[in-house]
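As provided, start.cif (mmCIF, C-alpha atoms and all ligand atoms) reads as follows.
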data_data
#
loop_
_atom_site.label_atom_id
_atom_site.label_comp_id
_atom_site.auth_asym_id
_atom_site.auth_seq_id
_atom_site.Cartn_x
_atom_site.Cartn_y
_atom_site.Cartn_z
CA LEU M 195 -16.76 21.03 2.33
CA ASN M 196 -17.31 17.35 2.99
CA ARG M 197 -18.66 15.89 6.19
CA ARG M 198 -15.28 14.63 7.32
CA LEU M 199 -13.90 18.17 7.51
CA ALA M 200 -17.01 20.25 8.15
CA GLU M 201 -16.57 20.34 11.92
CA PHE M 202 -13.07 21.85 11.71
CA GLY M 203 -13.65 25.21 10.00
CA THR M 204 -10.65 27.59 9.93
CA THR M 205 -7.71 26.73 12.16
CA ILE M 206 -7.60 28.76 15.34
CA PHE M 207 -4.05 29.86 14.46
CA ALA M 208 -5.10 31.57 11.23
CA GLU M 209 -8.09 33.15 12.95
CA MET M 210 -6.11 34.50 15.88
CA SER M 211 -3.10 35.67 13.86
CA ALA M 212 -5.46 37.60 11.58
CA LEU M 213 -7.01 39.15 14.68
CA ALA M 214 -3.56 40.14 15.94
CA VAL M 215 -2.82 41.90 12.65
CA SER M 216 -6.19 43.64 12.36
CA THR M 217 -6.08 44.94 15.94
CA GLY M 218 -2.34 45.63 16.08
CA SER M 219 -2.03 43.32 19.08
CA ILE M 220 0.99 41.46 20.38
CA ASN M 221 0.63 37.95 19.03
CA LEU M 222 1.27 35.36 21.71
CA GLY M 223 -1.19 33.06 19.96
CA GLN M 224 0.23 31.15 17.02
CA GLY M 225 3.57 29.64 17.95
CA PHE M 226 6.25 31.07 15.73
CA PRO M 227 9.38 32.91 16.84
CA ASP M 228 9.92 36.61 16.07
CA THR M 229 13.64 35.96 15.65
CA ASP M 230 14.80 33.86 12.70
CA GLY M 231 17.19 30.93 13.12
CA PRO M 232 21.00 31.08 12.77
CA GLU M 233 22.52 33.44 10.21
CA GLU M 234 24.89 30.78 8.88
CA ILE M 235 21.97 28.46 8.19
CA ARG M 236 20.14 31.20 6.32
CA GLU M 237 23.33 31.71 4.34
CA ALA M 238 23.44 27.98 3.60
CA ALA M 239 19.95 28.25 2.10
CA VAL M 240 20.97 31.22 -0.04
CA ARG M 241 24.07 29.36 -1.18
CA ALA M 242 22.04 26.27 -2.13
CA LEU M 243 19.61 28.41 -4.08
CA ARG M 244 22.35 30.37 -5.84
CA GLU M 245 24.40 27.29 -6.69
CA GLY M 246 21.38 25.48 -8.01
CA HIS M 247 20.91 22.87 -5.29
CA GLY M 248 17.29 21.98 -4.82
CA ASN M 249 15.75 24.45 -7.26
CA GLN M 250 14.21 21.49 -9.07
CA TYR M 251 12.35 18.56 -7.52
CA PRO M 252 14.53 16.97 -4.86
CA PRO M 253 14.41 13.15 -4.54
CA GLY M 254 11.10 11.80 -3.19
CA PRO M 255 12.48 10.63 0.18
CA GLY M 256 14.47 13.87 0.66
CA ILE M 257 18.04 14.73 -0.30
CA PRO M 258 20.61 12.18 0.91
CA GLU M 259 22.53 14.87 2.84
CA LEU M 260 19.48 15.65 4.96
CA ARG M 261 18.48 12.04 5.50
CA THR M 262 22.03 11.31 6.63
CA ALA M 263 21.97 14.33 8.96
CA VAL M 264 18.63 13.26 10.50
CA ALA M 265 19.95 9.74 11.12
CA ALA M 266 23.18 11.14 12.62
CA HIS M 267 21.16 13.43 14.92
CA GLN M 268 19.03 10.54 16.22
CA GLN M 269 22.20 8.51 16.79
CA ARG M 270 24.16 11.27 18.46
CA ARG M 271 21.42 12.48 20.79
CA TYR M 272 19.51 9.32 21.57
CA GLY M 273 21.62 6.36 20.44
CA LEU M 274 18.94 5.45 17.90
CA SER M 275 20.24 3.96 14.63
CA TYR M 276 18.30 4.59 11.46
CA ASP M 277 19.40 3.78 7.92
CA PRO M 278 19.25 7.06 5.98
CA ASP M 279 18.23 5.21 2.80
CA THR M 280 15.34 3.14 4.12
CA GLU M 281 14.36 4.56 7.52
CA VAL M 282 14.26 8.35 7.06
CA LEU M 283 11.75 10.41 5.11
CA VAL M 284 11.81 14.19 4.64
CA THR M 285 8.39 15.87 4.70
CA ALA M 286 6.84 19.31 4.20
CA GLY M 287 7.04 20.11 7.89
CA ALA M 288 5.79 17.94 10.72
CA THR M 289 2.28 18.80 9.54
CA GLU M 290 2.70 16.68 6.43
CA ALA M 291 4.44 13.95 8.40
CA ILE M 292 1.38 13.70 10.67
CA ALA M 293 -1.05 13.72 7.75
CA ALA M 294 0.88 11.20 5.67
CA SER M 295 1.39 8.87 8.65
CA LEU M 296 -2.31 8.78 9.49
CA LEU M 297 -3.42 8.52 5.85
CA ALA M 298 -0.98 5.67 5.32
CA LEU M 299 -1.56 3.66 8.47
CA LEU M 300 -5.30 3.87 9.20
CA GLU M 301 -8.15 1.84 7.78
CA PRO M 302 -11.58 3.46 7.85
CA GLY M 303 -13.09 3.00 11.30
CA ASP M 304 -9.76 2.41 13.05
CA GLU M 305 -9.51 4.10 16.42
CA VAL M 306 -6.67 6.46 17.26
CA ILE M 307 -5.94 7.41 20.85
CA ALA M 308 -4.62 10.95 21.31
CA PHE M 309 -4.13 13.02 24.44
CA GLU M 310 -6.57 15.84 24.85
CA PRO M 311 -5.84 18.76 24.50
CA TYR M 312 -4.27 17.79 21.16
CA TYR M 313 -2.60 19.79 18.43
CA ASP M 314 -5.41 20.75 16.07
CA SER M 315 -4.18 18.95 12.97
CA TYR M 316 -4.44 15.56 14.68
CA ALA M 317 -8.21 15.57 14.78
CA ALA M 318 -8.53 16.81 11.20
CA CYS M 319 -6.03 14.29 9.83
CA ILE M 320 -7.62 11.38 11.70
CA ALA M 321 -10.93 12.46 10.17
CA MET M 322 -9.47 12.77 6.66
CA ALA M 323 -8.07 9.27 7.02
CA GLY M 324 -11.52 7.97 8.01
CA GLY M 325 -10.34 7.06 11.50
CA ARG M 326 -12.05 7.67 14.83
CA ARG M 327 -10.35 9.71 17.47
CA VAL M 328 -10.50 8.57 21.06
CA PRO M 329 -9.30 11.37 23.34
CA VAL M 330 -7.67 10.67 26.68
CA THR M 331 -7.80 13.84 28.74
CA LEU M 332 -4.71 15.19 30.46
CA ARG M 333 -5.83 16.38 33.90
CA PRO M 334 -4.60 19.59 35.52
CA HIS M 335 -2.85 19.17 38.86
CA HIS M 336 -3.34 22.52 40.52
CA GLU M 337 -1.61 21.75 43.81
CA ASP M 338 1.67 19.96 43.19
CA ALA M 339 2.99 21.94 40.20
CA ALA M 340 2.92 18.74 38.13
CA GLY M 341 0.94 20.48 35.40
CA PHE M 342 -1.30 18.44 33.10
CA ARG M 343 -0.78 14.72 33.59
CA LEU M 344 -1.81 11.52 31.92
CA ASP M 345 -3.95 9.06 33.86
CA LEU M 346 -2.48 5.71 32.83
CA ASP M 347 -5.61 3.81 33.82
CA GLU M 348 -7.70 6.04 31.59
CA LEU M 349 -5.26 5.38 28.77
CA ARG M 350 -5.45 1.61 29.26
CA ASP M 351 -9.24 1.74 29.41
CA ALA M 352 -9.39 3.65 26.13
CA VAL M 353 -7.83 0.78 24.15
CA THR M 354 -10.36 -1.43 22.36
CA ASP M 355 -10.19 -4.12 19.69
CA ARG M 356 -10.52 -1.34 17.13
CA THR M 357 -7.55 0.66 18.39
CA ARG M 358 -4.89 0.80 15.71
CA LEU M 359 -2.62 3.59 16.79
CA LEU M 360 -1.46 5.78 19.65
CA LEU M 361 -0.73 9.36 18.63
CA ILE M 362 1.68 10.74 21.22
CA ASN M 363 3.11 14.24 21.59
CA THR M 364 5.95 14.98 23.99
CA PRO M 365 6.94 17.69 24.85
CA HIS M 366 3.24 18.47 24.62
CA ASN M 367 1.55 21.38 22.88
CA PRO M 368 -0.36 23.21 24.41
CA THR M 369 0.26 22.15 28.03
CA GLY M 370 4.08 22.02 28.08
CA THR M 371 3.96 18.60 29.72
CA VAL M 372 6.98 16.37 29.13
CA LEU M 373 6.21 12.69 29.59
CA THR M 374 8.40 11.01 32.21
CA ARG M 375 10.36 7.82 31.82
CA GLU M 376 7.72 5.95 33.84
CA GLU M 377 4.85 7.29 31.75
CA LEU M 378 6.65 6.48 28.52
CA ARG M 379 7.48 3.00 29.73
CA ALA M 380 3.82 2.38 30.55
CA ILE M 381 2.77 3.64 27.11
CA ALA M 382 5.37 1.40 25.48
CA ASP M 383 4.26 -1.64 27.48
CA LEU M 384 0.67 -1.00 26.47
CA ALA M 385 1.59 -0.62 22.79
CA VAL M 386 3.50 -3.90 22.85
CA GLU M 387 0.82 -5.76 24.81
CA ARG M 388 -2.00 -4.61 22.51
CA ASP M 389 0.15 -4.63 19.36
CA LEU M 390 -0.46 -0.97 18.51
CA LEU M 391 1.37 1.32 16.14
CA VAL M 392 2.68 4.55 17.60
CA VAL M 393 3.10 7.90 15.88
CA THR M 394 5.03 10.24 18.16
CA ASP M 395 5.25 13.96 17.50
CA GLU M 396 8.52 15.09 19.05
CA VAL M 397 8.90 18.45 17.31
CA TYR M 398 9.75 20.17 20.62
CA GLU M 399 12.46 17.60 21.47
CA HIS M 400 15.07 20.32 22.04
CA LEU M 401 12.85 22.52 24.19
CA VAL M 402 12.89 20.90 27.63
CA PHE M 403 13.74 22.82 30.77
CA ASP M 404 15.07 22.34 34.28
CA ASP M 405 15.13 18.66 35.25
CA ALA M 406 12.93 17.48 32.40
CA GLU M 407 14.49 15.21 29.82
CA HIS M 408 13.20 14.38 26.37
CA LEU M 409 13.13 10.62 25.90
CA PRO M 410 12.09 9.43 22.45
CA LEU M 411 9.44 6.73 22.65
CA ALA M 412 11.38 4.72 20.05
CA THR M 413 14.14 4.12 22.62
CA PHE M 414 11.87 1.98 24.83
CA PRO M 415 11.85 -1.83 24.55
CA GLY M 416 9.72 -3.14 21.71
CA MET M 417 9.07 0.34 20.34
CA ARG M 418 11.53 0.98 17.55
CA GLU M 419 9.80 -1.50 15.23
CA ARG M 420 6.31 -0.03 15.76
CA THR M 421 7.04 3.69 16.06
CA VAL M 422 6.98 6.56 13.59
CA THR M 423 8.89 9.50 15.10
CA ILE M 424 8.32 13.02 13.78
CA GLY M 425 10.71 16.01 13.97
CA SER M 426 10.73 19.54 12.53
CA ALA M 427 13.30 22.16 11.55
CA GLY M 428 10.62 24.79 12.09
CA LYS M 429 10.74 24.29 15.84
CA THR M 430 14.34 23.28 16.39
CA PHE M 431 15.95 25.96 14.23
CA SER M 432 13.28 28.68 14.21
CA PHE M 433 12.46 28.44 10.51
CA THR M 434 8.75 27.69 10.59
CA GLY M 435 8.27 29.07 7.07
CA TRP M 436 10.70 26.63 5.49
CA LYS M 437 8.45 23.64 6.13
CA VAL M 438 11.09 20.98 6.56
CA GLY M 439 10.17 18.05 8.76
CA TRP M 440 11.09 14.38 8.91
CA VAL M 441 10.03 10.93 9.89
CA THR M 442 12.20 8.15 11.27
CA ALA M 443 10.76 4.63 11.40
CA PRO M 444 11.55 1.07 10.31
CA PRO M 445 11.54 0.48 6.52
CA GLY M 446 8.00 -0.89 6.22
CA LEU M 447 6.49 2.09 8.03
CA VAL M 448 8.62 4.65 6.16
CA THR M 449 7.57 3.09 2.85
CA ALA M 450 3.93 3.31 3.89
CA VAL M 451 4.21 6.95 4.95
CA ARG M 452 6.05 7.78 1.74
CA SER M 453 3.24 6.19 -0.30
CA ALA M 454 0.84 8.78 1.12
CA LYS M 455 3.35 11.65 1.09
CA GLN M 456 4.12 11.27 -2.62
CA PHE M 457 0.51 12.20 -3.43
CA LEU M 458 0.28 15.08 -0.96
CA THR M 459 3.23 17.29 -1.89
CA TYR M 460 5.46 14.72 -3.66
CA VAL M 461 8.45 16.80 -2.49
CA ALA M 462 9.02 20.23 -0.93
CA SER M 463 11.50 22.87 0.23
CA GLY M 464 14.42 21.92 -2.10
CA PRO M 465 17.10 24.48 -1.17
CA PHE M 466 16.03 24.51 2.48
CA GLN M 467 16.74 20.80 2.77
CA TYR M 468 20.43 21.56 2.16
CA ALA M 469 20.44 24.23 4.84
CA VAL M 470 18.66 22.04 7.39
CA ALA M 471 21.21 19.27 6.78
CA GLU M 472 23.85 21.77 7.95
CA ALA M 473 21.70 22.92 10.86
CA LEU M 474 21.33 19.40 12.26
CA ALA M 475 25.11 19.16 12.39
CA LEU M 476 25.48 22.37 14.44
CA PRO M 477 27.48 21.84 17.63
CA ASP M 478 25.72 21.17 20.92
CA THR M 479 26.35 24.78 21.90
CA TYR M 480 23.63 25.86 19.44
CA PHE M 481 21.03 23.59 21.01
CA GLU M 482 22.07 24.57 24.55
CA ALA M 483 21.90 28.29 23.77
CA PHE M 484 18.48 27.88 22.12
CA ARG M 485 17.16 26.05 25.14
CA ALA M 486 18.63 28.55 27.62
CA ASP M 487 17.15 31.46 25.67
CA MET M 488 13.69 29.87 25.69
CA ARG M 489 13.95 28.97 29.35
CA ALA M 490 14.65 32.61 30.23
CA LYS M 491 11.64 33.65 28.14
CA ARG M 492 9.49 31.06 29.84
CA ASP M 493 10.49 32.41 33.23
CA LEU M 494 9.81 35.98 32.17
CA LEU M 495 6.33 35.22 30.83
CA ALA M 496 5.39 32.74 33.57
CA THR M 497 6.28 35.27 36.28
CA GLY M 498 4.48 38.06 34.46
CA LEU M 499 1.32 36.05 33.88
CA ALA M 500 1.21 35.04 37.53
CA GLN M 501 1.61 38.69 38.57
CA ALA M 502 -1.21 39.57 36.18
CA GLY M 503 -3.46 37.17 38.07
CA PHE M 504 -3.47 34.04 35.92
CA GLU M 505 -2.88 30.60 37.36
CA VAL M 506 0.22 29.45 35.52
CA PHE M 507 1.04 25.83 34.72
CA ARG M 508 4.80 26.12 34.43
CA PRO M 509 5.78 24.20 31.29
CA ALA M 510 8.62 21.66 31.39
CA GLY M 511 8.88 21.86 27.60
CA THR M 512 7.71 23.56 24.34
CA TYR M 513 7.37 27.33 23.96
CA PHE M 514 3.84 27.51 25.32
CA ILE M 515 2.36 28.31 28.72
CA THR M 516 -1.11 27.12 29.59
CA THR M 517 -2.93 29.28 32.14
CA ASP M 518 -6.19 29.04 34.02
CA ILE M 519 -8.23 32.27 33.80
CA ARG M 520 -10.58 31.55 36.69
CA PRO M 521 -8.55 33.56 39.23
CA LEU M 522 -9.33 36.57 37.01
CA GLY M 523 -13.03 35.93 37.47
CA GLU M 524 -13.31 34.50 33.95
CA ALA M 525 -14.50 31.04 32.96
CA ASP M 526 -14.79 30.94 29.18
CA GLY M 527 -11.45 30.91 27.36
CA PHE M 528 -13.07 31.45 23.97
CA ALA M 529 -14.84 34.61 25.05
CA PHE M 530 -11.74 35.76 26.91
CA CYS M 531 -9.45 35.30 23.87
CA ARG M 532 -11.91 36.94 21.49
CA ALA M 533 -12.11 39.99 23.77
CA LEU M 534 -8.44 40.14 24.77
CA PRO M 535 -7.16 42.07 21.72
CA GLU M 536 -9.64 44.89 22.43
CA ARG M 537 -9.19 44.77 26.19
CA ALA M 538 -5.42 44.42 26.36
CA GLY M 539 -3.87 44.37 22.88
CA VAL M 540 -2.68 40.78 23.29
CA VAL M 541 -3.65 37.63 21.37
CA ALA M 542 -3.75 34.17 22.99
CA ILE M 543 -5.28 30.80 22.10
CA PRO M 544 -8.27 29.22 23.91
CA ASN M 545 -7.26 25.65 24.76
CA ALA M 546 -10.85 24.49 24.36
CA VAL M 547 -10.26 24.22 20.60
CA PHE M 548 -7.88 21.35 21.35
CA TYR M 549 -10.53 19.30 23.18
CA ASP M 550 -13.43 17.06 22.23
CA HIS M 551 -14.72 17.58 25.75
CA ARG M 552 -14.78 21.33 25.31
CA GLU M 553 -15.99 21.96 28.84
CA ALA M 554 -12.83 20.26 30.18
CA GLY M 555 -10.73 22.86 28.37
CA ALA M 556 -12.97 25.90 28.87
CA PRO M 557 -10.96 27.88 31.46
CA PHE M 558 -7.53 27.32 29.90
CA VAL M 559 -5.71 29.78 27.67
CA ARG M 560 -2.34 29.33 25.95
CA PHE M 561 0.37 31.98 25.54
CA ALA M 562 3.47 31.47 23.36
CA PHE M 563 6.79 32.79 24.70
CA CYS M 564 8.96 32.45 21.57
CA GLN M 565 9.14 36.26 21.29
CA ARG M 566 11.82 38.79 22.14
CA ALA M 567 12.07 39.68 25.82
CA GLU M 568 10.90 43.27 25.25
CA VAL M 569 7.80 41.99 23.47
CA LEU M 570 7.00 39.64 26.34
CA GLU M 571 7.57 42.45 28.85
CA GLU M 572 5.20 44.75 26.98
CA ALA M 573 2.59 41.98 26.79
CA VAL M 574 2.88 41.44 30.56
CA GLN M 575 2.42 45.17 31.23
CA ARG M 576 -0.73 45.15 29.11
CA LEU M 577 -2.09 42.02 30.79
CA LYS M 578 -1.47 43.45 34.26
CA ALA M 579 -3.81 46.28 33.35
CA LEU M 580 -6.62 43.72 33.07
CA ALA M 581 -6.86 43.15 36.79
N1 LIG U 601 3.16 19.24 15.91
C1 LIG U 601 3.08 20.12 16.92
C2 LIG U 601 2.82 19.61 18.30
C3 LIG U 601 3.24 21.48 16.66
O1 LIG U 601 3.13 22.36 17.66
C4 LIG U 601 3.51 21.91 15.35
C5 LIG U 601 3.75 23.34 15.02
N2 LIG U 601 2.89 24.24 15.49
C6 LIG U 601 3.55 20.96 14.33
C7 LIG U 601 3.39 19.64 14.65
C8 LIG U 601 3.76 21.35 12.91
O2 LIG U 601 5.09 21.52 12.60
P1 LIG U 601 5.56 22.09 11.19
O3 LIG U 601 5.53 23.56 11.29
O4 LIG U 601 6.94 21.52 11.04
O5 LIG U 601 4.63 21.57 10.15
N1 LIG U 602 2.28 24.84 15.91
C1 LIG U 602 1.95 26.22 16.06
C2 LIG U 602 1.12 26.40 17.30
O1 LIG U 602 0.73 25.46 17.92
C3 LIG U 602 1.18 26.79 14.89
C4 LIG U 602 1.19 25.98 13.68
C5 LIG U 602 0.11 26.36 12.73
O2 LIG U 602 -0.26 27.52 12.62
N2 LIG U 602 -0.41 25.40 12.05
O3 LIG U 602 0.85 27.51 17.64
#
Let me see whether you can do it: turn the structure in this file into structure tokens.
Amino acid sequence: LNRRLAEFGTTIFAEMSALAVSTGSINLGQGFPDTDGPEEIREAAVRALREGHGNQYPPGPGIPELRTAVAAHQQRRYGLSYDPDTEVLVTAGATEAIAASLLALLEPGDEVIAFEPYYDSYAACIAMAGGRRVPVTLRPHHEDAAGFRLDLDELRDAVTDRTRLLLINTPHNPTGTVLTREELRAIADLAVERDLLVVTDEVYEHLVFDDAEHLPLATFPGMRERTVTIGSAGKTFSFTGWKVGWVTAPPGLVTAVRSAKQFLTYVASGPFQYAVAEALALPDTYFEAFRADMRAKRDLLATGLAQAGFEVFRPAGTYFITTDIRPLGEADGFAFCRALPERAGVVAIPNAVFYDHREAGAPFVRFAFCQRAEVLEEAVQRLKALA
């Protein structure tokens, strides 16, 4: 393994899911739902496969039906206009969209600012692209229920003459933070002032709860022309195995990302692209029901974790809850998560793996709530036995 990748080892998700299987534990670690997406969309995939749509290489940018559906979704939900032919690119999940964007847009030595904790592929992809990551730490607010927040001064101070790109994620994995209009406006102003590119991972765009609202960064003044926005059918329609994601951006940026993408997978997920095109056109009732279902699960797990003695940072978005384990008399999330399957038959993720400043993330542990209610209830019963 080369030096660029040596520090990354095996992803925590593979490690922890394997542990869940080998110990027979409830897996609240890796974020994937235990209920598949809509029946009619599964049927659409079967139909495509049977009728011979997408069984051979689809077009490099993605099938026109899906690109049109992505553009229509951005228009309908956010008033953002993208040309399906020149401003939309279908990728092998958001994972490839992230990799291709960074490989396409970074020169060796370019600095990339990302919020810490960050989704694990960001660090690895920045490294593969020869870039340098500059983490800006989201700070926990224990008192005012604001969760993990960005310090805008720290963000401004992190920009240097070598900064090329801001890598944003809202709603944010693993903290569940949803950036506010004011925070996004400040990020946008900074990007314009310092002439930075922005890659924004918005895969949890449909999972925002209560008063939180998902606002795409590309809707802010001066942003559309410098922003690559990333979405995923895995998250929005509960088909994480299909690996269908997409990028929307102005033509020059889409062409750049496609240049990298064509040598990663070239194309992927032929028949599933047809099904996802139909999924994106589902009525609003689908998205509302999905959100309501996840909100109920969030409430169930958040309440249960608090009763079990964890400090809970109630997420405004995503399907993850970050907790602080110190009220349980624990301090090391890694050790806690490694022991948890034996102690309680539950798997969780230590947030420290998402930090460069590992000590800043040490006491935090992430639980996923995209599981059936009875599974979450059983997990809570097991965790209560810890105390
Ligand atoms: N970004 C974030 C923030 C994620 O949580 C995930 C999924 N775990 C991805 C990207 C990857 O999405 P996909 O499965 O579509 O590759
Ligand atoms: N995004 C999922 C999570 O954060 C897992 C994705 C993966 O395993 N790469 O849990």
Give me, as a Markdown table, the closest atom pair and its distance (Å, one decimal) for every residue of chain M within a cut-off of 6 Å of ligand LIG 602 (chain U), counting only C-alpha atoms and all ligand atoms, rows sorted by chain and rising number.
| residue | atom | partner | partner_atom | distance |
| --- | --- | --- | --- | --- |
| M:Phe207 | CA | U:LIG602 | O2 | 4.8 |
| M:Gln224 | CA | U:LIG602 | O3 | 3.7 |
| M:Gly225 | CA | U:LIG602 | O3 | 3.5 |
At a cut-off of 12 Å from (19.7, 26.3, 24.5) in the coordinates of the file, what residues are picked up using only C-alpha atoms, written as a PyMOL selection string?
-> chain M and resi 399-404+430-431+477-491
Please measure the separation of atom CA of Arg520 of chain M and atom CA of Pro557 of chain M, giving the value in Å to one decimal.
->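 Atom-to-atom, atom CA of Arg520 of chain M to atom CA of Pro557 of chain M, that is 6.4 Å.
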Can I get the residues close to ligand LIG 601 (chain U) as a PyMOL selection string, where close means within 7 Å and we count all atoms listed in the file?
-> chain M and resi 225+286-290+313+363+366-367+395+397+426-429+434+437-439
Report the distance between atom CA of Leu577 of chain M and atom CA of Ala529 of chain M in Å, rounded to one decimal place.
->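 We find that atom CA of Leu577 of chain M and atom CA of Ala529 of chain M lie 15.8 Å from each other.
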Show which residues sit within 12 Å of segment 492-503 of chain M, as JSON, numbers by chain. Count all atoms listed in the file, and ignore same-chain residues fewer than 5 positions away.
-> {"M": [222, 370, 401, 402, 403, 404, 485, 486, 487, 508, 509, 510, 511, 512, 513, 514, 515, 516, 517, 518, 519, 520, 521, 522, 523, 524, 538, 559, 560, 561, 562, 563, 564, 565, 566, 567, 568, 569, 570, 571, 572, 573, 574, 575, 576, 577, 578, 579, 580, 581]}
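The interatomic distance for the pair atom CA of Leu274 of chain M and atom CA of Ala412 of chain M works out to 7.9 Å.
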Find the residues around segment 407-410 of chain M up to 9 Å (all atoms listed in the file counted), leave out those fewer than 6 positions away in its own chain, and share them as a PyMOL selection string.
-> chain M and resi 272+364-365+372-375+378+394+396+398-401+423+510-511
Taking into account all atoms listed in the file, which residue in the set M:Ala214, M:Ala291, M:Ser275, M:Pro252 is nearest to Trp440 of chain M?
->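 Going through M:Ala214, M:Ala291, M:Ser275, M:Pro252 one by one, the smallest distance to Trp440 of chain M is for M:Ala291.
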Rank nothing, just name the residue among M:Met322, M:Leu384, M:Ile206, M:Ala473 nearest to Asp351 of chain M, using all atoms listed in the file.
-> M:Leu384
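With all atoms listed in the file as the atoms that count, the minimum distance from Pro311 of chain M to the choices M:Val284, M:Ile257, M:Leu344, M:Leu296 is reached by M:Leu344.
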Compile the contact shell of Tyr312 of chain M as JSON, numbers by chain: residues with an atom at most 10 Å away, counting only C-alpha atoms, same-chain residues fewer than 3 positions apart removed.
-> {"M": [308, 309, 315, 316, 317, 329, 330, 331, 332, 361, 362, 363, 366, 367, 368, 369, 545, 546, 547, 548, 549, 550]}
Closest of M:Glu237, M:Asp277, M:Glu201, M:Glu209 to Pro465 of chain M - atom-to-atom distances counting all atoms listed in the file = M:Glu237
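Distances here use all atoms listed in the file; by that measure, the residue among M:Arg388, M:Arg270, M:His335, M:Lys455 closest to Gly416 of chain M is M:Arg388.
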Out of M:Ala475, M:Cys531, M:Leu349, M:Ala382, which residue has the shortest atom-to-atom distance to Ala266 of chain M when counting all atoms listed in the file?
->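 Smallest distance to Ala266 of chain M is found for M:Ala475.
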So which residues touch Arg236 of chain M within 10 Å, counting all atoms listed in the file, skipping near sequence neighbours fewer than 2 positions away, as a PyMOL selection string?
-> chain M and resi 230-234+238-242+433+466+469-470+473
Write out as a VMD selection string which residues come within 7 Å of Leu260 of chain M when counting all atoms listed in the file, dropping same-chain ones fewer than 5 positions away.
-> chain M and resid 467 to 468 470 to 471
Would you be able to write out as a list in words which residues have an atom within 8 Å of (0.6, 26.6, 42.5) in the file's coordinates, counting only C-alpha atoms?
->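 Checked against the point, the hits come out as His336, Glu337, Asp338, Ala339, Glu505, Val506 and Phe507 of chain M.
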